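Visitor: Handing you a structure now.
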Amino acid sequence: MRCTTLTKLPVAFSAGSRLKREPVARILGVKEFWGLSFKLNAATLVPRPETETVVEAALDAIERQPAGSRALTLADLGTGSGALLLALLSELPRSRGFGIDVSHAALCCARDNAAALGLAERAWFVACDFGAALKDPFDLIVSNPPYVARHDIVTLEPEVSEFDPRRALDGGPDGLDAYRAIGAAARRLLAPDGILVLELGTGQLAAVEALLAGEGLAAMDRARRDLSGVPRALAVKLLP
C-alpha cells in the first residue's frame with residue numbers, strides 16, 4: 001500500500017489551512033531534509049532543520065572510527081517519514097538500515113520515500129517499539145525520539161501541537177521516557193564499537209547524559225549544537 005499525499009491544493013484551501021496555522025509542509029504533503037524530498041502523512045513529524053544536526057553528528061562519529069569506511073548496519077528508532085535513516089543511507093552507499101516505528105501509517109510513508117529516493121534495496125522497515133523486535137547488533141543507531149514533557153505540549157506553537165502526531169511529541173511526564181527505553185535497549189542493540197546518536201530537547205543534555213551513563217553509555221564528544229546554539233545531538237558509545 002502506498003501513502004497518499006497531496007502535492008497541489010487549490011489556493012483558497014491552502015490559504016484557509018494556513019489561517020488555521022497548518023504548516024505549509026503539511027498542506028503540500030512534502031518537506032525537504034538534507035537536500036532530499038520527503039513525502040509526509042498525518043502519522044509523521046515534519047522533518048526540521050535542527051534534526052539535520054543528528055545526521056552531521058552521526059557522520060562525524062563514523063568518520064572518527066577506525067573502520068569508518070566499511071559497510072555499516074543502521075537503525076533509526078521512531079523513523080517517521082524515514083528522514084534520518086534515508087539521509088544517512090544517501091551518504092553511506094555501502095551501508096544498509098532499518099527504520100523502526102510503532103505506526104504502520106508512518107512506515108508506509110517511509111517505504112514510499114525510500115523507493116522514491118532509490119534507496120529501497122538498502123532500507124527495511126519494521127513495526128515495533130524502540131527496537132523491541134530487533135536482534136542483530138547495529139553499528140549506528142539514531143533517533144529523534146518524543147521528548148516534549150506531556151504538560152508542555154499545549155504550550156508549543158499550533159503548527160506543532162495541533163498538527164504533529166502526539167505520539168511523536170509526548171515524552172512522558174518529564175520528557176525522558178523514550179531516552180529511558182532506548183538507553184535500556186542500547187547494550188543489546190549496539191555492536192561492540194557501535195554508536196548511538198540521539199536528538200535532544202532544549203535543556204535536556206545533562207539529564208540525558210546522566211540517564212545514559214546509568215546504562216553504561218558515555219559521550220564521545222560534546223553534544224553538537226544546532227544553528228540556534230542549542231545542544232541538539234549527542235553521540236555515545238558503550239563503556240568497556
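Chain labels A, B, ... are given in the sequence in which chains occur in the C-alpha cells; within each chain residues are numbered consecutively from 1, and ligands are likewise numbered from 1 in the order shown.
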Write out as JSON lines a residue-level contact list of region 43-64 of chain A versus region 200-211 of chain A with cut-off 10 Å: for each qualifying residue the closest pair of atoms and the distance in Å to one decimal, counting only C-alpha atoms, rows sorted by chain and residue number upward.
Guide:
```
{"residue": "A:Glu50", "atom": "CA", "partner": "A:Leu200", "partner_atom": "CA", "distance": 9.9}
{"residue": "A:Thr51", "atom": "CA", "partner": "A:Leu200", "partner_atom": "CA", "distance": 9.3}
{"residue": "A:Val54", "atom": "CA", "partner": "A:Leu200", "partner_atom": "CA", "distance": 9.3}
```
Visitor: From a DSSP pass on the backbone, collect the residues of region 31-174 of chain A flagged as strand (DSSP E) and hand them back as a PyMOL selection string.
Guide: chain A and resi 31-33+36-39+73-77+96-101+123-127+138-143
Visitor: Using only C-alpha atoms, find each residue in region 171-214 of chain A having at least one atom no more than 12 Å away from region 84-97 of chain A; report its shortest atom-to-atom pair and that distance in Å (one decimal), rows by chain then rising number, as CSV.
Guide:
```
residue,atom,partner,partner_atom,distance
A:Val197,CA,A:Leu84,CA,10.8
A:Leu198,CA,A:Leu84,CA,10.9
A:Glu199,CA,A:Leu84,CA,10.7
```
Visitor: If you keep C-alpha atoms, can you produce a file of those selected residues as a PDB file, in the first residue's frame?
Guide:
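Result file is out-v5.pdb:
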```pdb
ATOM      1  CA  VAL A 197      23.171   9.367  18.283  1.00  0.00           C
ATOM      2  CA  LEU A 198      20.127  10.994  19.847  1.00  0.00           C
ATOM      3  CA  GLU A 199      18.354  14.274  19.218  1.00  0.00           C
TER       4      GLU A 199
END
```
Visitor: Excluding Ala42 (chain A) and any residue of its chain fewer than 4 positions from it, enumerate the residues within 12 Å of it, using only C-alpha atoms, and give them as a list in words.
Guide: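 Here the qualifying residues turn out to be Cys3, Thr4, Thr5, Leu6, Glu22, Pro23, Ala25, Arg26, Ile27, Gly29, Val30, Val46, Gly80, Ser81, Ser103, His104, Ala105, Ala106, Leu107, Cys108, Cys109, Val160, Glu162, Phe163, Asp164, Pro165, Arg166, Arg167 and Ala168 of chain A.
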Visitor: Taking only C-alpha atoms into account, which of A:Leu176, A:Ala181, A:Leu190, A:Ala235 comes nearest Phe138 (chain A)?
Guide: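 Of all the options, A:Leu190 lies closest to Phe138 (chain A).
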Visitor: In Å to one decimal, how far is CA of Lys237 (chain A) from CA of Leu134 (chain A)?
Guide: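 According to the coordinates, CA of Leu134 (chain A) and CA of Lys237 (chain A) are separated by 18.7 Å.
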Visitor: For Glu52 (chain A), please output as a PyMOL selection string all residues within 10 Å (counting only C-alpha atoms; exclusion window: fewer than 4 positions along the same chain).
Guide: chain A and resi 33-34+47-48+56-58+83-84+87+199+226+232-233
Visitor: Convert the current residue selection to file output with N, CA and C atoms, as a PDB file, in the first residue's frame.
Guide:
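File written: out_37.pdb
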```pdb
ATOM      1  N   PHE A  33      14.631  17.716   3.420  1.00  0.00           N
ATOM      2  CA  PHE A  33      15.500  17.432   4.564  1.00  0.00           C
ATOM      3  C   PHE A  33      16.801  16.876   4.010  1.00  0.00           C
ATOM      4  N   TRP A  34      17.918  17.463   4.425  1.00  0.00           N
ATOM      5  CA  TRP A  34      19.244  17.026   3.977  1.00  0.00           C
ATOM      6  C   TRP A  34      19.344  17.040   2.446  1.00  0.00           C
ATOM      7  N   PRO A  47       9.930  16.901   9.139  1.00  0.00           N
ATOM      8  CA  PRO A  47      11.373  16.975   9.434  1.00  0.00           C
ATOM      9  C   PRO A  47      11.818  18.425   9.571  1.00  0.00           C
ATOM     10  N   ARG A  48      12.636  18.692  10.590  1.00  0.00           N
ATOM     11  CA  ARG A  48      13.043  20.060  10.883  1.00  0.00           C
ATOM     12  C   ARG A  48      14.544  20.242  10.716  1.00  0.00           C
ATOM     13  N   GLU A  56      24.634  15.130  10.907  1.00  0.00           N
ATOM     14  CA  GLU A  56      26.012  15.638  10.966  1.00  0.00           C
ATOM     15  C   GLU A  56      26.813  14.938  12.053  1.00  0.00           C
ATOM     16  N   ALA A  57      26.215  14.820  13.242  1.00  0.00           N
ATOM     17  CA  ALA A  57      26.919  14.183  14.361  1.00  0.00           C
ATOM     18  C   ALA A  57      27.211  12.720  14.073  1.00  0.00           C
ATOM     19  N   ALA A  58      26.260  12.029  13.458  1.00  0.00           N
ATOM     20  CA  ALA A  58      26.454  10.613  13.146  1.00  0.00           C
ATOM     21  C   ALA A  58      27.569  10.423  12.122  1.00  0.00           C
ATOM     22  N   ALA A  83      13.287  10.134   7.435  1.00  0.00           N
ATOM     23  CA  ALA A  83      14.241  11.195   7.104  1.00  0.00           C
ATOM     24  C   ALA A  83      15.662  10.900   7.583  1.00  0.00           C
ATOM     25  N   LEU A  84      15.821  10.533   8.855  1.00  0.00           N
ATOM     26  CA  LEU A  84      17.173  10.291   9.362  1.00  0.00           C
ATOM     27  C   LEU A  84      17.825   9.101   8.668  1.00  0.00           C
ATOM     28  N   ALA A  87      18.531   9.853   4.873  1.00  0.00           N
ATOM     29  CA  ALA A  87      19.599  10.835   4.708  1.00  0.00           C
ATOM     30  C   ALA A  87      20.959  10.184   4.930  1.00  0.00           C
ATOM     31  N   GLU A 199      18.741  12.862  19.185  1.00  0.00           N
ATOM     32  CA  GLU A 199      18.354  14.274  19.218  1.00  0.00           C
ATOM     33  C   GLU A 199      17.899  14.607  20.636  1.00  0.00           C
ATOM     34  N   ASP A 226      22.821  23.009  17.409  1.00  0.00           N
ATOM     35  CA  ASP A 226      22.142  23.387  16.175  1.00  0.00           C
ATOM     36  C   ASP A 226      22.447  24.847  15.854  1.00  0.00           C
ATOM     37  N   ARG A 232      22.007  19.759  20.550  1.00  0.00           N
ATOM     38  CA  ARG A 232      20.905  19.102  19.857  1.00  0.00           C
ATOM     39  C   ARG A 232      21.150  17.617  19.559  1.00  0.00           C
ATOM     40  N   ALA A 233      22.409  17.215  19.380  1.00  0.00           N
ATOM     41  CA  ALA A 233      22.691  15.829  19.005  1.00  0.00           C
ATOM     42  C   ALA A 233      23.817  15.288  19.878  1.00  0.00           C
TER      43      ALA A 233
END
```
Visitor: Neighbouring residues of Ile141 (chain A) were defined as those with any atom within 6 Å, considering only C-alpha atoms; residues of the same chain fewer than 2 positions away were excluded. Please report them as an MDAnalysis selection string.
Guide: chainID A and resid 74:76 196
Visitor: Next, dump the selected residues to file, keeping only C-alpha atoms, as a PDB file, in the first residue's frame.
Guide:
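Generated output (part29.pdb):
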```
ATOM      1  CA  LEU A  74      21.987   1.230  10.781  1.00  0.00           C
ATOM      2  CA  ALA A  75      18.782   1.537  12.773  1.00  0.00           C
ATOM      3  CA  ASP A  76      16.528   4.586  13.068  1.00  0.00           C
ATOM      4  CA  LEU A 196      24.141   5.819  19.329  1.00  0.00           C
TER       5      LEU A 196
END
```
Visitor: List the neighbours of Phe125 (chain A) out to 6 Å using only C-alpha atoms; skip same-chain residues closer than 2 positions along the sequence, and give me the result as number ranges by chain.
Guide: A: 98-100
Visitor: When DSSP works through the backbone of this structure, what residues of region 20-215 of chain A end up as helix (DSSP H, G or I), shown as a PyMOL selection string?
Guide: chain A and resi 24-28+49-63+83-91+104-116+120-122+150-155+158-161+166-168+177-189+205-213
Visitor: Provide the CA of Asp174 (chain A) to CA of Asn144 (chain A) distance in Å, to one decimal place.
Guide: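 Rounded to one decimal, the two atoms are 16.3 Å apart.
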Visitor: Between A:Gly118, A:Pro137, A:Pro240, A:Gly216, single out the one closest to Leu189 (chain A), counting only C-alpha atoms.
Guide: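 Nearest to Leu189 (chain A): A:Pro137.
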Visitor: Which polymer residues have any atom within 7 Å of an atom of Asp101 (chain A), counting only C-alpha atoms, with same-chain residues fewer than 3 positions away left out, as number ranges by chain?
Guide: A: 77-80, 107, 126-129
Visitor: What would the file look like if the residues just selected were written as a compact mmCIF listing (two decimals), in the first residue's frame with N, CA and C atoms?
Guide:
```
# COMPACT_ATOMS: atom_id res chain seq x y z
N LEU A 77 15.35 4.61 15.19
CA LEU A 77 14.27 4.28 16.10
C LEU A 77 13.24 5.42 16.13
N GLY A 78 12.01 5.13 15.71
CA GLY A 78 10.99 6.16 15.56
C GLY A 78 11.19 6.88 14.24
N THR A 79 11.27 6.12 13.16
CA THR A 79 11.72 6.66 11.87
C THR A 79 10.76 7.67 11.25
N GLY A 80 9.45 7.57 11.52
CA GLY A 80 8.51 8.52 10.92
C GLY A 80 8.55 8.46 9.40
N LEU A 107 5.31 3.97 8.68
CA LEU A 107 6.19 3.05 7.95
C LEU A 107 5.82 2.99 6.47
N VAL A 126 10.32 -1.89 10.03
CA VAL A 126 9.80 -2.85 10.99
C VAL A 126 8.89 -2.12 11.98
N ALA A 127 7.73 -2.71 12.25
CA ALA A 127 6.81 -2.14 13.24
C ALA A 127 7.11 -2.71 14.62
N CYS A 128 7.65 -1.88 15.49
CA CYS A 128 7.87 -2.26 16.89
C CYS A 128 8.21 -1.00 17.67
N ASP A 129 8.38 -1.14 18.97
CA ASP A 129 8.60 -0.01 19.85
C ASP A 129 10.07 0.09 20.24
```
Visitor: Which is closest to Leu117 (chain A) among A:Asp221, A:Gly82, A:Ile62, A:Ala185, if we use only C-alpha atoms?
Guide: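 Nearest to Leu117 (chain A): A:Gly82.
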Visitor: Provide the CA of Arg70 (chain A) to CA of Ala191 (chain A) distance in Å, to one decimal place.
Guide: 13.9 Å
Visitor: Nearest residue to Leu36 (chain A) out of A:Ser228, A:Gln65, A:Asn113, A:Thr73, using only C-alpha atoms?
Guide: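 The answer is A:Asn113, which sits nearest to Leu36 (chain A).
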